>>> print(open('target_15.cif').read())   # mmCIF, C-alpha atoms and all ligand atoms
data_data
#
loop_
_atom_site.label_atom_id
_atom_site.label_comp_id
_atom_site.auth_asym_id
_atom_site.auth_seq_id
_atom_site.Cartn_x
_atom_site.Cartn_y
_atom_site.Cartn_z
CA MET A 1 0.00 0.00 0.00
CA THR A 2 2.38 2.69 -1.16
CA GLN A 3 -0.29 5.35 -1.10
CA SER A 4 -1.29 4.74 2.49
CA SER A 5 2.33 4.75 3.63
CA ILE A 6 2.52 8.46 2.97
CA SER A 7 -0.44 9.34 5.19
CA PRO A 8 0.00 9.45 8.96
CA PRO A 9 -0.53 6.12 10.69
CA LYS A 10 -4.02 5.24 11.85
CA LEU A 11 -2.53 3.20 14.65
CA GLU A 12 0.91 3.64 16.11
CA THR A 13 2.32 1.63 18.99
CA ARG A 14 5.30 3.10 20.77
CA GLY A 15 7.39 0.81 22.90
CA LEU A 16 4.25 -1.08 23.78
CA THR A 17 5.01 -3.44 26.64
CA ARG A 18 3.15 -5.65 29.06
CA GLU A 19 4.79 -7.42 31.94
CA VAL A 20 2.81 -9.92 34.00
CA ASP A 21 4.28 -11.53 37.10
CA GLY A 22 7.81 -10.61 36.07
CA LYS A 23 7.36 -12.05 32.56
CA ILE A 24 7.43 -9.67 29.60
CA ILE A 25 4.71 -10.97 27.30
CA VAL A 26 4.77 -7.97 24.91
CA ASN A 27 8.21 -6.48 24.65
CA HIS A 28 8.65 -2.93 23.41
CA VAL A 29 6.60 -3.25 20.24
CA SER A 30 6.67 -0.22 17.95
CA LEU A 31 4.49 -0.66 14.90
CA ASN A 32 2.64 1.63 12.50
CA VAL A 33 -0.56 0.59 10.76
CA TYR A 34 -1.71 2.96 8.03
CA PRO A 35 -5.28 3.86 7.10
CA ALA A 36 -7.09 1.02 5.33
CA GLU A 37 -4.06 -1.22 5.73
CA VAL A 38 -4.36 -4.83 6.82
CA MET A 39 -1.44 -5.75 9.07
CA ALA A 40 -1.23 -9.51 9.50
CA VAL A 41 0.50 -10.61 12.69
CA VAL A 42 2.07 -14.06 12.68
CA GLY A 43 4.23 -16.03 15.06
CA PRO A 44 4.28 -19.25 17.04
CA SER A 45 1.85 -20.03 19.82
CA GLY A 46 2.79 -18.03 22.90
CA ALA A 47 4.55 -15.32 20.87
CA GLY A 48 2.32 -12.63 22.36
CA LYS A 49 0.00 -12.02 19.39
CA SER A 50 -3.23 -12.09 21.40
CA SER A 51 -1.61 -10.11 24.18
CA LEU A 52 -0.60 -7.44 21.68
CA LEU A 53 -4.13 -7.26 20.30
CA ARG A 54 -5.61 -6.86 23.80
CA LEU A 55 -3.26 -3.95 24.41
CA LEU A 56 -4.36 -2.25 21.20
CA ASN A 57 -7.88 -1.49 22.44
CA ARG A 58 -6.83 -1.38 26.08
CA LEU A 59 -8.56 -4.54 27.22
CA ASP A 60 -5.25 -4.94 29.01
CA GLU A 61 -3.15 -2.06 30.27
CA PRO A 62 0.39 -1.53 28.97
CA THR A 63 3.03 -1.55 31.68
CA ALA A 64 5.13 0.68 29.42
CA GLY A 65 4.60 2.46 26.13
CA THR A 66 1.35 3.50 24.55
CA VAL A 67 -0.79 3.50 21.41
CA HIS A 68 -1.74 6.45 19.27
CA LEU A 69 -5.00 6.37 17.34
CA ASP A 70 -5.13 9.04 14.64
CA GLY A 71 -2.20 10.68 16.37
CA GLN A 72 -3.91 10.82 19.76
CA ASP A 73 -2.58 8.96 22.77
CA TYR A 74 -5.29 6.43 23.49
CA ARG A 75 -5.12 7.08 27.21
CA GLU A 76 -6.88 10.37 26.43
CA ILE A 77 -9.80 8.53 24.81
CA PRO A 78 -12.54 7.14 27.08
CA PRO A 79 -12.25 3.32 26.92
CA ARG A 80 -15.83 2.87 25.74
CA GLU A 81 -15.28 5.25 22.83
CA LEU A 82 -11.97 3.55 22.07
CA ARG A 83 -13.65 0.15 21.87
CA ARG A 84 -16.43 1.50 19.70
CA ARG A 85 -13.83 2.83 17.26
CA MET A 86 -11.79 -0.39 17.40
CA GLY A 87 -13.93 -3.49 16.97
CA MET A 88 -12.68 -6.90 17.93
CA ILE A 89 -13.38 -10.30 16.40
CA MET A 90 -12.20 -13.25 18.44
CA GLN A 91 -11.56 -16.86 17.53
CA MET A 92 -14.71 -17.93 19.37
CA PRO A 93 -17.58 -15.48 19.08
CA TYR A 94 -18.92 -14.69 22.53
CA LEU A 95 -22.59 -14.31 21.73
CA PHE A 96 -25.09 -13.77 24.52
CA PRO A 97 -27.86 -16.34 24.86
CA GLY A 98 -30.94 -15.15 23.00
CA ARG A 99 -31.69 -13.96 19.52
CA VAL A 100 -29.36 -12.71 16.84
CA ALA A 101 -30.92 -9.23 16.74
CA GLU A 102 -30.40 -8.74 20.49
CA ASN A 103 -26.72 -9.50 20.09
CA ILE A 104 -26.36 -6.91 17.36
CA ARG A 105 -28.23 -4.27 19.39
CA PHE A 106 -26.07 -4.77 22.46
CA GLY A 107 -23.09 -2.52 21.70
CA PRO A 108 -25.01 0.53 20.47
CA ARG A 109 -27.51 0.15 23.32
CA GLN A 110 -24.70 0.51 25.83
CA ARG A 111 -24.25 3.97 24.41
CA GLY A 112 -27.98 4.63 24.50
CA GLU A 113 -28.40 4.15 20.74
CA ASP A 114 -31.08 1.96 19.24
CA VAL A 115 -30.41 -0.05 16.09
CA SER A 116 -33.53 -0.07 13.90
CA ASP A 117 -34.96 -3.28 12.44
CA ALA A 118 -33.94 -1.99 9.01
CA ASP A 119 -30.35 -1.54 10.19
CA ILE A 120 -30.35 -5.05 11.65
CA GLU A 121 -31.56 -6.40 8.30
CA ARG A 122 -28.89 -4.41 6.47
CA LEU A 123 -26.11 -5.63 8.80
CA LEU A 124 -27.26 -9.23 8.54
CA ALA A 125 -27.51 -9.03 4.76
CA ARG A 126 -23.95 -7.67 4.79
CA VAL A 127 -22.74 -10.93 6.37
CA GLY A 128 -24.97 -13.15 4.23
CA LEU A 129 -27.49 -13.86 7.00
CA ALA A 130 -30.62 -12.13 5.79
CA ASP A 131 -33.67 -13.31 7.80
CA PHE A 132 -31.56 -14.48 10.73
CA SER A 133 -32.58 -11.71 13.13
CA ASP A 134 -35.01 -13.86 15.16
CA ARG A 135 -32.84 -16.99 15.26
CA GLU A 136 -31.65 -18.23 18.62
CA VAL A 137 -27.87 -17.96 18.72
CA ASP A 138 -27.42 -21.43 20.24
CA ARG A 139 -28.87 -22.89 17.04
CA LEU A 140 -26.25 -21.32 14.78
CA SER A 141 -23.35 -23.14 13.16
CA GLY A 142 -19.83 -21.97 13.99
CA GLY A 143 -19.57 -20.04 10.74
CA GLU A 144 -22.97 -18.40 11.22
CA ALA A 145 -22.10 -17.42 14.79
CA GLN A 146 -18.87 -15.83 13.61
CA ARG A 147 -20.79 -13.91 10.95
CA VAL A 148 -23.17 -12.62 13.64
CA ALA A 149 -20.11 -11.50 15.62
CA ILE A 150 -18.91 -9.63 12.54
CA ALA A 151 -22.32 -7.95 12.11
CA ARG A 152 -22.26 -7.06 15.80
CA ALA A 153 -18.84 -5.44 15.39
CA LEU A 154 -20.01 -3.52 12.31
CA ALA A 155 -23.05 -2.19 14.20
CA ASN A 156 -20.63 0.08 16.07
CA ASN A 157 -19.28 1.61 12.85
CA PRO A 158 -15.67 0.86 13.77
CA GLU A 159 -12.66 2.48 12.13
CA VAL A 160 -10.31 -0.33 13.08
CA LEU A 161 -10.91 -4.06 13.29
CA LEU A 162 -8.75 -6.24 15.52
CA LEU A 163 -9.03 -9.88 14.53
CA ASP A 164 -7.66 -12.69 16.67
CA GLU A 165 -7.54 -15.92 14.66
CA PRO A 166 -11.05 -15.23 13.34
CA THR A 167 -11.25 -18.41 11.25
CA SER A 168 -9.19 -20.82 13.35
CA ALA A 169 -12.12 -22.49 15.08
CA LEU A 170 -14.09 -23.04 11.85
CA ASP A 171 -14.22 -26.02 9.52
CA GLU A 172 -12.66 -25.62 6.07
CA ASP A 173 -15.84 -24.52 4.27
CA ALA A 174 -16.85 -21.97 6.90
CA LYS A 175 -13.27 -20.76 7.10
CA ALA A 176 -13.23 -19.91 3.40
CA VAL A 177 -16.63 -18.20 3.59
CA VAL A 178 -15.73 -16.09 6.64
CA GLU A 179 -12.32 -15.11 5.27
CA LYS A 180 -13.83 -14.01 1.96
CA LEU A 181 -16.58 -12.10 3.74
CA LEU A 182 -14.13 -10.31 6.02
CA GLU A 183 -11.95 -9.41 3.07
CA GLU A 184 -14.91 -7.96 1.19
CA ILE A 185 -16.11 -5.92 4.18
CA ILE A 186 -12.66 -4.69 5.15
CA ARG A 187 -11.89 -3.52 1.63
CA SER A 188 -15.25 -1.94 0.90
CA GLU A 189 -15.37 -0.11 4.25
CA GLY A 190 -11.69 0.83 4.11
CA LEU A 191 -11.17 -0.58 7.60
CA THR A 192 -7.73 -0.53 9.15
CA CYS A 193 -6.98 -3.99 10.50
CA VAL A 194 -4.64 -5.92 12.70
CA TRP A 195 -5.28 -9.56 11.81
CA VAL A 196 -3.61 -12.14 14.03
CA THR A 197 -3.22 -15.58 12.50
CA HIS A 198 -0.95 -18.55 12.96
CA ASP A 199 -1.78 -19.47 9.35
CA ARG A 200 0.98 -18.12 7.15
CA ALA A 201 -0.97 -18.71 3.95
CA GLN A 202 -3.82 -16.63 5.35
CA ALA A 203 -1.35 -13.91 6.36
CA ALA A 204 -0.04 -13.88 2.79
CA ARG A 205 -3.57 -13.69 1.35
CA MET A 206 -4.91 -11.06 3.71
CA GLY A 207 -1.99 -8.92 4.80
CA ASP A 208 -0.84 -5.82 2.97
CA ARG A 209 2.11 -6.21 5.29
CA VAL A 210 3.05 -8.88 7.78
CA ALA A 211 4.49 -8.45 11.27
CA MET A 212 6.24 -11.43 12.78
CA MET A 213 6.37 -11.84 16.55
CA GLU A 214 8.36 -14.18 18.71
CA ASP A 215 8.81 -14.23 22.45
CA GLY A 216 6.86 -10.96 22.85
CA LYS A 217 9.04 -9.11 20.39
CA LEU A 218 8.43 -7.82 16.91
CA LEU A 219 11.01 -9.60 14.77
CA ARG A 220 10.22 -8.30 11.31
CA VAL A 221 7.66 -6.14 9.52
CA GLY A 222 7.34 -5.87 5.79
CA ALA A 223 5.89 -7.17 2.56
CA PRO A 224 4.26 -10.58 3.07
CA GLN A 225 6.65 -12.51 0.85
CA GLU A 226 9.72 -10.92 2.42
CA VAL A 227 8.63 -11.56 5.98
CA LEU A 228 7.16 -15.02 5.43
CA ASN A 229 10.00 -16.34 3.31
CA ALA A 230 12.82 -14.92 5.41
N1 LIG B 1 -3.04 -12.84 31.63
C1 LIG B 1 -1.86 -13.45 31.52
N2 LIG B 1 -1.07 -13.64 32.60
C2 LIG B 1 0.12 -14.22 32.50
N3 LIG B 1 0.65 -14.64 31.33
C3 LIG B 1 -0.07 -14.49 30.24
C4 LIG B 1 -1.37 -13.89 30.25
N4 LIG B 1 -1.85 -13.90 28.99
C5 LIG B 1 -0.90 -14.46 28.24
N5 LIG B 1 0.16 -14.82 28.98
C6 LIG B 1 1.40 -15.42 28.49
O1 LIG B 1 1.92 -14.53 27.54
C7 LIG B 1 2.53 -15.24 26.48
C8 LIG B 1 1.88 -14.83 25.17
O2 LIG B 1 0.57 -15.35 25.10
P1 LIG B 1 -0.42 -14.98 23.92
O3 LIG B 1 -0.44 -13.52 23.74
O4 LIG B 1 -1.69 -15.66 24.18
O5 LIG B 1 0.33 -15.64 22.66
P2 LIG B 1 -0.22 -16.02 21.22
O6 LIG B 1 -1.53 -15.34 21.02
O7 LIG B 1 0.84 -15.53 20.27
O8 LIG B 1 -0.32 -17.50 21.17
C9 LIG B 1 2.37 -16.71 26.79
O9 LIG B 1 3.56 -17.14 27.41
C10 LIG B 1 1.21 -16.72 27.76
O10 LIG B 1 1.31 -17.82 28.63
MG MG B 2 -3.40 -16.11 20.57
#
>>> encode(input="target_15.cif", output="structure tokens")
Amino acid sequence: MTQSSISPPKLETRGLTREVDGKIIVNHVSLNVYPAEVMAVVGPSGAGKSSLLRLLNRLDEPTAGTVHLDGQDYREIPPRELRRRMGMIMQMPYLFPGRVAENIRFGPRQRGEDVSDADIERLLARVGLADFSDREVDRLSGGEAQRVAIARALANNPEVLLLDEPTSALDEDAKAVVEKLLEEIIRSEGLTCVWVTHDRAQAARMGDRVAMMEDGKLLRVGAPQEVLNA
């Protein structure tokens, strides 16, 4: 993304660090993610990928360093606003028991905003689940549940999506469907993404750039082929 590299970063981590019980699980990570860029993050299990992601929207607190969102230190942004602007998609979608529509309404309702039935329909159509609004979530397949989680994230109109192994728990068919859907949504909405995956082929398909982590540290950042073949 040569064009985006000349604009200021959407997301900038500066010496981002988290130490838990004397163990440094994220070690001085400084990384820029540019507007509408997809940064794939790869690395072995235990490398600190999920821990990094949780620092990015302040689900966990850095013990050193910080994150800038649009040039603003995120500690100046109320956490609820921060998490509205930065949606998160996890490996396992944590849906609340009940109907699909209620899950999608949850985030906006916390801010006192109602999502209309028409908006629910539009969001569900966006993820290929038209007519699913009254379904009970415990009757959904894994792929359908993940698509509801995506619709729920989109209901907040995020600027950034943080994705933690979003297809890892799915079977092969659902994995392909969800990956394709995410790609389509990310590109059409121009979302800035940090996409954690242990799947190097997925990193190569999805990442504009790839960041490789090991032992809490950022080892390399660059073009997918350079980083993945090094
Ligand atoms: N809340 C926590 N307390 C202590 N250690 C943790 C915590 N969360 C993660 N870790 C440790 O941090 C390291 C990185 O974990 P994680 O970020 O989950 O790696 P990855 O997502 O790359 O597999 C691991 O050694 C893990 O055991
Ligand atoms: Mg992880």
>>> closest_residue(input="target_15.cif", among="A:Arg111, A:Leu52, A:Pro9, A:Glu37", to="A:Lys217", atoms="all atoms listed in the file")
A:Leu52
>>> residues_near_ligand(input="target_15.cif", ligand="ligand MG 2 (chain B)", cutoff="10 Å", atoms="only C-alpha atoms and all ligand atoms", output="PDB file with C-alpha atoms, in the coordinates of the input")
ATOM      1  CA  VAL A  42       2.070 -14.060  12.680  1.00  0.00           C
ATOM      2  CA  GLY A  43       4.230 -16.030  15.060  1.00  0.00           C
ATOM      3  CA  PRO A  44       4.280 -19.250  17.040  1.00  0.00           C
ATOM      4  CA  SER A  45       1.850 -20.030  19.820  1.00  0.00           C
ATOM      5  CA  GLY A  46       2.790 -18.030  22.900  1.00  0.00           C
ATOM      6  CA  ALA A  47       4.550 -15.320  20.870  1.00  0.00           C
ATOM      7  CA  GLY A  48       2.320 -12.630  22.360  1.00  0.00           C
ATOM      8  CA  LYS A  49       0.000 -12.020  19.390  1.00  0.00           C
ATOM      9  CA  SER A  50      -3.230 -12.090  21.400  1.00  0.00           C
ATOM     10  CA  SER A  51      -1.610 -10.110  24.180  1.00  0.00           C
ATOM     11  CA  LEU A  52      -0.600  -7.440  21.680  1.00  0.00           C
ATOM     12  CA  LEU A  53      -4.130  -7.260  20.300  1.00  0.00           C
ATOM     13  CA  MET A  90     -12.200 -13.250  18.440  1.00  0.00           C
ATOM     14  CA  GLN A  91     -11.560 -16.860  17.530  1.00  0.00           C
ATOM     15  CA  ASP A 164      -7.660 -12.690  16.670  1.00  0.00           C
ATOM     16  CA  GLU A 165      -7.540 -15.920  14.660  1.00  0.00           C
ATOM     17  CA  VAL A 196      -3.610 -12.140  14.030  1.00  0.00           C
ATOM     18  CA  THR A 197      -3.220 -15.580  12.500  1.00  0.00           C
ATOM     19  CA  HIS A 198      -0.950 -18.550  12.960  1.00  0.00           C
TER      20      HIS A 198
END
>>> closest_residue(input="target_15.cif", among="A:Ala223, A:Val41, A:Val194, A:Ala203", to="ligand LIG 1 (chain B)", atoms="only C-alpha atoms and all ligand atoms")
A:Val41
>>> atom_distance(input="target_15.cif", atom1="atom CA of A:Asp70", atom2="atom CA of A:Leu55")
16.4 Å
>>> closest_residue(input="target_15.cif", among="A:Ile89, A:Ala230, A:Ala204, A:Ala118", to="A:Pro158", atoms="only C-alpha atoms")
A:Ile89
>>> residues_around(input="target_15.cif", residues="A:Arg99", least_positions_apart="2", cutoff="8 Å", atoms="all atoms listed in the file", output="mmCIF file with C-alpha atoms, in the frame of the given file")
data_model
loop_
_atom_site.group_PDB
_atom_site.id
_atom_site.type_symbol
_atom_site.label_atom_id
_atom_site.label_comp_id
_atom_site.auth_asym_id
_atom_site.auth_seq_id
_atom_site.Cartn_x
_atom_site.Cartn_y
_atom_site.Cartn_z
ATOM 1 C CA PRO A 97 -27.860 -16.340 24.860
ATOM 2 C CA ALA A 101 -30.920 -9.230 16.740
ATOM 3 C CA GLU A 102 -30.400 -8.740 20.490
ATOM 4 C CA ASN A 103 -26.720 -9.500 20.090
ATOM 5 C CA SER A 133 -32.580 -11.710 13.130
ATOM 6 C CA ASP A 134 -35.010 -13.860 15.160
ATOM 7 C CA ARG A 135 -32.840 -16.990 15.260
ATOM 8 C CA GLU A 136 -31.650 -18.230 18.620
ATOM 9 C CA VAL A 137 -27.870 -17.960 18.720
#
>>> closest_residue(input="target_15.cif", among="A:Asp138, A:Asp215, A:Glu61, A:Glu12", to="ligand LIG 1 (chain B)", atoms="all atoms listed in the file")
A:Asp215
>>> atom_distance(input="target_15.cif", atom1="atom CA of A:Val67", atom2="atom CA of A:Gly190")
20.6 Å
>>> closest_residue(input="target_15.cif", among="A:Arg18, A:Arg152, A:Arg147, A:Arg85", to="A:Gly107", atoms="all atoms listed in the file")
A:Arg152
>>> closest_residue(input="target_15.cif", among="A:Val227, A:Val127, A:Leu218, A:Ala176", to="ligand LIG 1 (chain B)", atoms="all atoms listed in the file")
A:Leu218
>>> residues_around(input="target_15.cif", residues="A:Arg75", least_positions_apart="2", cutoff="12 Å", atoms="all atoms listed in the file", output="VMD selection string")
chain A and resid 55 to 58 61 to 62 65 to 69 71 to 73 77 to 82
>>> write_last_selection(input="target_15.cif", atoms="C-alpha atoms", output="mmCIF file, in the frame of the given file")
data_model
loop_
_atom_site.group_PDB
_atom_site.id
_atom_site.type_symbol
_atom_site.label_atom_id
_atom_site.label_comp_id
_atom_site.auth_asym_id
_atom_site.auth_seq_id
_atom_site.Cartn_x
_atom_site.Cartn_y
_atom_site.Cartn_z
ATOM 1 C CA LEU A 55 -3.260 -3.950 24.410
ATOM 2 C CA LEU A 56 -4.360 -2.250 21.200
ATOM 3 C CA ASN A 57 -7.880 -1.490 22.440
ATOM 4 C CA ARG A 58 -6.830 -1.380 26.080
ATOM 5 C CA GLU A 61 -3.150 -2.060 30.270
ATOM 6 C CA PRO A 62 0.390 -1.530 28.970
ATOM 7 C CA GLY A 65 4.600 2.460 26.130
ATOM 8 C CA THR A 66 1.350 3.500 24.550
ATOM 9 C CA VAL A 67 -0.790 3.500 21.410
ATOM 10 C CA HIS A 68 -1.740 6.450 19.270
ATOM 11 C CA LEU A 69 -5.000 6.370 17.340
ATOM 12 C CA GLY A 71 -2.200 10.680 16.370
ATOM 13 C CA GLN A 72 -3.910 10.820 19.760
ATOM 14 C CA ASP A 73 -2.580 8.960 22.770
ATOM 15 C CA ILE A 77 -9.800 8.530 24.810
ATOM 16 C CA PRO A 78 -12.540 7.140 27.080
ATOM 17 C CA PRO A 79 -12.250 3.320 26.920
ATOM 18 C CA ARG A 80 -15.830 2.870 25.740
ATOM 19 C CA GLU A 81 -15.280 5.250 22.830
ATOM 20 C CA LEU A 82 -11.970 3.550 22.070
#
>>> atom_distance(input="target_15.cif", atom1="atom CA of A:Arg83", atom2="atom CA of A:Arg139")
28.0 Å
>>> axis_aligned_box(input="target_15.cif", around="ligand LIG 1 (chain B)", padding_each_side="5 Å", output="AutoDock Vina command-line options")
--center_x 0.3 --center_y -15.3 --center_z 26.4 --size_x 16.6 --size_y 15.0 --size_z 22.3
>>> residues_around(input="target_15.cif", residues="A:Arg209", least_positions_apart="4", cutoff="6 Å", atoms="only C-alpha atoms", output="ChimeraX atom specification")
/A:39,222-224
>>> residues_around(input="target_15.cif", residues="A:Pro166", least_positions_apart="3", cutoff="10 Å", atoms="only C-alpha atoms", output="list of chain:residue names")
A:Met88, A:Ile89, A:Met90, A:Gln91, A:Met92, A:Pro93, A:Gln146, A:Ile150, A:Leu162, A:Leu163, A:Ala169, A:Leu170, A:Lys175, A:Val178, A:Glu179, A:Leu182, A:Trp195, A:Val196, A:Thr197
>>> residues_near_point(input="target_15.cif", point="(-22.1, -12.3, 9.8)", cutoff="10 Å", atoms="only C-alpha atoms", output="list in words")
Leu123, Leu124, Ala125, Arg126, Val127, Gly128, Leu129, Ala130, Phe132, Gly143, Glu144, Ala145, Gln146, Arg147, Val148, Ala149, Ile150, Ala151, Arg152, Ala153, Leu154, Val178, Leu181 and Leu182 of chain A
>>> residues_around(input="target_15.cif", residues="A:Glu189", least_positions_apart="2", cutoff="12 Å", atoms="all atoms listed in the file", output="list in words")
Pro35, Ala36, Glu37, Arg126, Leu154, Asn157, Pro158, Glu159, Val160, Leu161, Leu182, Glu183, Glu184, Ile185, Ile186, Arg187, Leu191, Thr192 and Cys193 of chain A
